[in-house]
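First up is the structure itself, then whatever we jot down about it.
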Amino acid sequence: MTTHLPRRSFLGVSAATLAGTALGASAPRMPLRAGAPAVIASGNGLAAVREAMARMQAGADPVVAAVRGVQIVEDDPDDMSVGYGGLPNEDGVVQLDASVMHGPTHKAGAVACIENIKNPASVALEVMRRTDHVMLVGEGAKRFALDLGFKEENLLTERARRAWLRWRDNLNPGDDRLDDDQLVIPAEDADGQPIGLLHQQPGMHVEWINGVPYTTGTIHLGAVNASGDVGACTTTSGLSYKIPGRVGDSPIIGAGMYVDNAVGSAGATGRGEAVIQSCGSFLAVRKMEEGMTPEEACLFVLRHIADRTKRRDLLDANGRPNFNVTMYALRKDGMVGSACMLPGGSYAFATAHESGVKRAPSLFS
Ligand code: GLY
């Protein structure tokens, strides 16, 4: 039987109880001041960080600068992990997820499973800007975007369609669709090249299995301006060949992206399910608040995920996760850092004076 406490006594009990707990006591808070403007993104975001920095220098709000930066990658047909050209779900339909967060107002916006709209981060920005809600999904998100003048378009490029066909044809050796090794004449992509030679963008999380590209890739971008105001966004086509309707970490505030204007921002790319189950970006920001550097906070989250990965099929022979996650963090004072679970992650950065891509340290070798 459930006992319902009257509201007044509930508040009385919780206040007294919380006063004596670690939860109730205020955690030691590191006061962070504004520093130099800075931008961090996943390794596929070099052009994006440069664009975001240029926009901030011209006076744009960090969250708007972030969205305009990632739009370059959303529009790029060669990046098969984001926006136009992203790999589709198991039905061959591209479904996109994105989120944004604005530090000064602590307001967030997100869309999930949106179809036929190329720039989901821009739609998420409008959800934040124009509504009292945080997340719109599927058909509702699309109608919201169309009402605002976003264009409906086919996002499945010929390259992504062929990758999906190859995935589907090789799915089941017992079905009537011949696998690659059974074909009389080898399959070619649209350019007449073997499909396994598809161009891979630097920094894009793509794994090739029997010539089929798989991705959990994404772009995250966090930005802080000279006043110490922070904004961030994450946008993705999500896990390739996912079950229709699957939502990853990218549009979930606190998982694939989070901002606290007093501290900084964080974001994630890689296996979204693991990041959701650990509230990865929220955790990274809290750890920076407790005094960790951005890189330490990223490593903390990855360790947290690794320690809580229990499914055998997600572990290697040494009991370590066999999937990658890369975390990115930015502090209010302009310090940035990143780390990945397994080697191979990278991050793009920009300051007022320089930009580039760096290798992210990994938790496991
Ligand atoms: N991190 C992207 C996804 O899992 O959808």
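Scheme for the structure tokens: letters A, B, ... for chains in order shown; per-chain residue numbers from 1; ligand numbers from 1 in order shown.
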
For the contact check between chain A and ligand 1, emit one row per residue of chain A within 6 Å, containing the shortest atom pair and the distance in Å rounded to one decimal, counting only C-alpha atoms and all ligand atoms, chain then rising number order, as JSON lines.
{"residue": "A:Thr216", "atom": "CA", "partner": "ligand 1", "partner_atom_place_in_ligand_line": "2 (C)", "distance": 4.8}
{"residue": "A:Gly217", "atom": "CA", "partner": "ligand 1", "partner_atom_place_in_ligand_line": "2 (C)", "distance": 5.7}
{"residue": "A:Thr218", "atom": "CA", "partner": "ligand 1", "partner_atom_place_in_ligand_line": "2 (C)", "distance": 5.5}
{"residue": "A:Gly238", "atom": "CA", "partner": "ligand 1", "partner_atom_place_in_ligand_line": "5 (O)", "distance": 3.3}
{"residue": "A:Leu239", "atom": "CA", "partner": "ligand 1", "partner_atom_place_in_ligand_line": "5 (O)", "distance": 4.8}
{"residue": "A:Gly248", "atom": "CA", "partner": "ligand 1", "partner_atom_place_in_ligand_line": "5 (O)", "distance": 3.8}
{"residue": "A:Asp249", "atom": "CA", "partner": "ligand 1", "partner_atom_place_in_ligand_line": "3 (C)", "distance": 5.5}
{"residue": "A:Ser250", "atom": "CA", "partner": "ligand 1", "partner_atom_place_in_ligand_line": "2 (C)", "distance": 5.7}
{"residue": "A:Thr269", "atom": "CA", "partner": "ligand 1", "partner_atom_place_in_ligand_line": "1 (N)", "distance": 4.4}
{"residue": "A:Gly270", "atom": "CA", "partner": "ligand 1", "partner_atom_place_in_ligand_line": "1 (N)", "distance": 4.4}
{"residue": "A:Arg271", "atom": "CA", "partner": "ligand 1", "partner_atom_place_in_ligand_line": "4 (O)", "distance": 4.6}
{"residue": "A:Gly272", "atom": "CA", "partner": "ligand 1", "partner_atom_place_in_ligand_line": "4 (O)", "distance": 3.2}

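If you count only C-alpha atoms and ignore residues fewer than 6 places along the chain from segment 52-65 of chain A, what sits within 6 Å of it is His102, Ala223, Val230, Gly231 and Ala232 of chain A.
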
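Comparing A:Gly45, A:Pro88, A:Gly291, A:Gly280 by their smallest distance to Asp76 of chain A, the closest is A:Gly45 (using only C-alpha atoms).
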
Can you list, as a list in words, every protein, DNA or RNA residue that comes within 9 Å of Tyr347 of chain A when you count only C-alpha atoms, leaving out same-chain residues fewer than 2 positions away?
-> Ile40, Ala41, Ser42, Gly43, Asn44, Gly45, Leu46, Gly203, Thr326, Tyr328, Gly337, Ser338, Ala339, Gly345, Phe349, Gly356, Val357, Lys358, Arg359 and Ala360 of chain A

Output N, CA and C atoms for every residue in that selection, as a tab-separated table (two decimals), in the first residue's frame.
chain	number	residue	atom	x	y	z
A	40	ILE	N	34.60	24.31	-28.56
A	40	ILE	CA	35.06	22.92	-28.72
A	40	ILE	C	33.98	22.16	-29.49
A	41	ALA	N	34.41	21.19	-30.29
A	41	ALA	CA	33.45	20.34	-31.01
A	41	ALA	C	34.09	18.97	-31.20
A	42	SER	N	33.27	18.03	-31.64
A	42	SER	CA	33.80	16.73	-32.02
A	42	SER	C	34.76	16.91	-33.20
A	43	GLY	N	35.56	15.88	-33.46
A	43	GLY	CA	36.64	16.00	-34.45
A	43	GLY	C	36.17	16.33	-35.86
A	44	ASN	N	34.89	16.08	-36.15
A	44	ASN	CA	34.35	16.41	-37.48
A	44	ASN	C	33.91	17.88	-37.56
A	45	GLY	N	34.29	18.67	-36.54
A	45	GLY	CA	33.73	20.02	-36.46
A	45	GLY	C	34.74	21.15	-36.61
A	46	LEU	N	35.82	20.94	-37.36
A	46	LEU	CA	36.79	22.03	-37.48
A	46	LEU	C	36.17	23.26	-38.15
A	203	GLY	N	37.42	12.64	-38.21
A	203	GLY	CA	36.67	12.85	-36.96
A	203	GLY	C	35.32	12.17	-36.93
A	326	THR	N	32.96	9.48	-26.87
A	326	THR	CA	33.88	10.61	-26.67
A	326	THR	C	33.10	11.72	-26.00
A	328	TYR	N	33.18	15.77	-24.52
A	328	TYR	CA	33.78	17.08	-24.80
A	328	TYR	C	33.31	18.02	-23.70
A	337	GLY	N	38.46	20.54	-22.99
A	337	GLY	CA	39.10	19.23	-22.91
A	337	GLY	C	38.16	18.15	-23.40
A	338	SER	N	38.74	17.01	-23.70
A	338	SER	CA	37.95	15.92	-24.25
A	338	SER	C	38.63	14.60	-23.87
A	339	ALA	N	37.90	13.52	-23.92
A	339	ALA	CA	38.49	12.19	-23.71
A	339	ALA	C	37.55	11.16	-24.33
A	345	GLY	N	39.35	8.84	-30.72
A	345	GLY	CA	38.54	10.06	-30.64
A	345	GLY	C	39.39	11.30	-30.87
A	349	PHE	N	38.91	22.53	-31.84
A	349	PHE	CA	38.82	23.66	-30.90
A	349	PHE	C	39.10	24.95	-31.66
A	356	GLY	N	42.09	24.11	-34.50
A	356	GLY	CA	42.71	22.88	-34.97
A	356	GLY	C	41.96	21.68	-34.45
A	357	VAL	N	42.52	20.50	-34.74
A	357	VAL	CA	41.94	19.24	-34.26
A	357	VAL	C	43.02	18.54	-33.45
A	358	LYS	N	42.65	18.03	-32.28
A	358	LYS	CA	43.60	17.32	-31.41
A	358	LYS	C	43.07	15.93	-31.12
A	359	ARG	N	43.99	15.03	-30.85
A	359	ARG	CA	43.63	13.68	-30.44
A	359	ARG	C	43.10	13.76	-29.01
A	360	ALA	N	42.03	13.04	-28.74
A	360	ALA	CA	41.50	13.00	-27.38
A	360	ALA	C	42.16	11.83	-26.63

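Considering the residues A:Arg168, A:His220, A:Arg129, A:Arg143 and counting only C-alpha atoms, Glu74 of chain A has its shortest atom-to-atom contact with A:His220.
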
What does the distance from atom CA of Asn170 of chain A to atom CA of Pro343 of chain A come to in Å, to one decimal?
-> 28.3 Å

Skip Ala121 of chain A itself and residues of its chain fewer than 5 positions away, then list as a PyMOL selection string all residues within 7 Å of it, counting only C-alpha atoms.
-> chain A and resi 67+98-100+233+235

Write the selection just made, keeping C-alpha atoms, as a JSON list (two decimals), in the first residue's frame?
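Here's the written file out.json:
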[["chain", "number", "residue", "atom", "x", "y", "z"],
["A", 67, "VAL", "CA", 23.90, 26.14, -34.18],
["A", 98, "ALA", "CA", 19.28, 17.54, -31.94],
["A", 99, "SER", "CA", 19.36, 19.68, -28.82],
["A", 100, "VAL", "CA", 20.50, 23.15, -27.82],
["A", 233, "CYS", "CA", 24.26, 22.05, -29.24],
["A", 235, "THR", "CA", 23.00, 17.15, -33.70]]

One decimal place gives the atom CA of Leu96 of chain A-atom CA of Ser265 of chain A separation as 22.0 Å

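For Leu302 of chain A, the non-local neighbours within 9 Å, defined as residues at least 5 positions apart in the same chain or in other chains and counting only C-alpha atoms, are Val275, Gly280, Ala297, Asp307, Val325, Thr326, Met327, Ala339, Cys340, Met341 and Leu363 of chain A.
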
Restricting the output to N, CA, C and O atoms, write the selected residues as a PDB file, in the first residue's frame.
ATOM      1  N   VAL A 275      25.512   6.753 -22.849  1.00  0.00           N
ATOM      2  CA  VAL A 275      25.564   8.134 -22.347  1.00  0.00           C
ATOM      3  C   VAL A 275      24.255   8.490 -21.640  1.00  0.00           C
ATOM      4  O   VAL A 275      24.258   9.127 -20.581  1.00  0.00           O
ATOM      5  N   GLY A 280      25.559  11.523 -19.021  1.00  0.00           N
ATOM      6  CA  GLY A 280      26.973  11.858 -19.211  1.00  0.00           C
ATOM      7  C   GLY A 280      27.309  13.333 -19.187  1.00  0.00           C
ATOM      8  O   GLY A 280      28.262  13.741 -18.506  1.00  0.00           O
ATOM      9  N   ALA A 297      37.020  15.765 -16.118  1.00  0.00           N
ATOM     10  CA  ALA A 297      35.571  15.521 -16.025  1.00  0.00           C
ATOM     11  C   ALA A 297      35.142  14.519 -17.097  1.00  0.00           C
ATOM     12  O   ALA A 297      34.321  13.627 -16.841  1.00  0.00           O
ATOM     13  N   ASP A 307      32.333   1.434 -15.664  1.00  0.00           N
ATOM     14  CA  ASP A 307      32.044   0.675 -14.435  1.00  0.00           C
ATOM     15  C   ASP A 307      30.603   0.163 -14.402  1.00  0.00           C
ATOM     16  O   ASP A 307      30.295  -0.760 -13.649  1.00  0.00           O
ATOM     17  N   VAL A 325      32.813   6.017 -26.757  1.00  0.00           N
ATOM     18  CA  VAL A 325      32.102   7.258 -26.426  1.00  0.00           C
ATOM     19  C   VAL A 325      33.185   8.316 -26.319  1.00  0.00           C
ATOM     20  O   VAL A 325      34.251   8.056 -25.760  1.00  0.00           O
ATOM     21  N   THR A 326      32.956   9.485 -26.871  1.00  0.00           N
ATOM     22  CA  THR A 326      33.880  10.605 -26.669  1.00  0.00           C
ATOM     23  C   THR A 326      33.104  11.724 -25.995  1.00  0.00           C
ATOM     24  O   THR A 326      31.984  12.049 -26.397  1.00  0.00           O
ATOM     25  N   MET A 327      33.696  12.254 -24.940  1.00  0.00           N
ATOM     26  CA  MET A 327      33.084  13.371 -24.204  1.00  0.00           C
ATOM     27  C   MET A 327      33.875  14.649 -24.512  1.00  0.00           C
ATOM     28  O   MET A 327      35.105  14.605 -24.705  1.00  0.00           O
ATOM     29  N   ALA A 339      37.903  13.523 -23.925  1.00  0.00           N
ATOM     30  CA  ALA A 339      38.492  12.193 -23.715  1.00  0.00           C
ATOM     31  C   ALA A 339      37.552  11.164 -24.329  1.00  0.00           C
ATOM     32  O   ALA A 339      36.351  11.414 -24.472  1.00  0.00           O
ATOM     33  N   CYS A 340      38.140  10.031 -24.723  1.00  0.00           N
ATOM     34  CA  CYS A 340      37.320   8.978 -25.328  1.00  0.00           C
ATOM     35  C   CYS A 340      37.523   7.666 -24.568  1.00  0.00           C
ATOM     36  O   CYS A 340      38.508   7.498 -23.851  1.00  0.00           O
ATOM     37  N   MET A 341      36.576   6.760 -24.738  1.00  0.00           N
ATOM     38  CA  MET A 341      36.659   5.460 -24.064  1.00  0.00           C
ATOM     39  C   MET A 341      37.809   4.649 -24.646  1.00  0.00           C
ATOM     40  O   MET A 341      38.650   4.128 -23.930  1.00  0.00           O
ATOM     41  N   LEU A 363      40.519   6.507 -22.190  1.00  0.00           N
ATOM     42  CA  LEU A 363      40.504   5.867 -20.868  1.00  0.00           C
ATOM     43  C   LEU A 363      41.227   4.541 -20.943  1.00  0.00           C
ATOM     44  O   LEU A 363      41.983   4.182 -20.043  1.00  0.00           O
TER      45      LEU A 363
END

Contact residues around segment 115-118 of chain A with only C-alpha atoms at 8 Å, ignoring same-chain residues under 5 positions, as a PyMOL selection string = chain A and resi 74-75+83-84+93-96+138-139+142+145+150-155

Picked from segment 206-246 of chain A by DSSP as strand (DSSP E), as a list in words = Val206, Glu207, Trp208, Ile209, Val212, Pro213, Tyr214, Thr215, Ile219, His220, Leu221, Gly222, Ala223, Val224, Val230, Gly231, Ala232, Cys233, Thr234, Thr235 and Thr236 of chain A

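With only C-alpha atoms as the atoms that count, the residue of A:Val263, A:Met257, A:Ala352, A:Ile72 with the shortest distance to Arg286 of chain A is A:Val263.
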
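Distances to Arg68 of chain A were evaluated for A:Gln182, A:Thr105, A:Thr234, A:Thr157 using only C-alpha atoms, and the minimum falls at A:Thr234.
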
Proximity to Leu165 of chain A - best of A:Val137, A:Leu178, A:Val82, A:Cys113, only C-alpha atoms | A:Leu178

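One distance worth recording is that between atom CA of Phe323 of chain A and atom CA of Ala274 of chain A, which is 9.3 Å.
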
Which residue gives the smallest distance to Gly69 of chain A among A:Ile243, A:Leu32, A:Val184, A:Ala348, with only C-alpha atoms counted?
-> A:Ala348

All alpha helix (DSSP H) positions in segment 27-169 of chain A, as a PyMOL selection string = chain A and resi 46-57+62-74+120-130+138-147+158-169
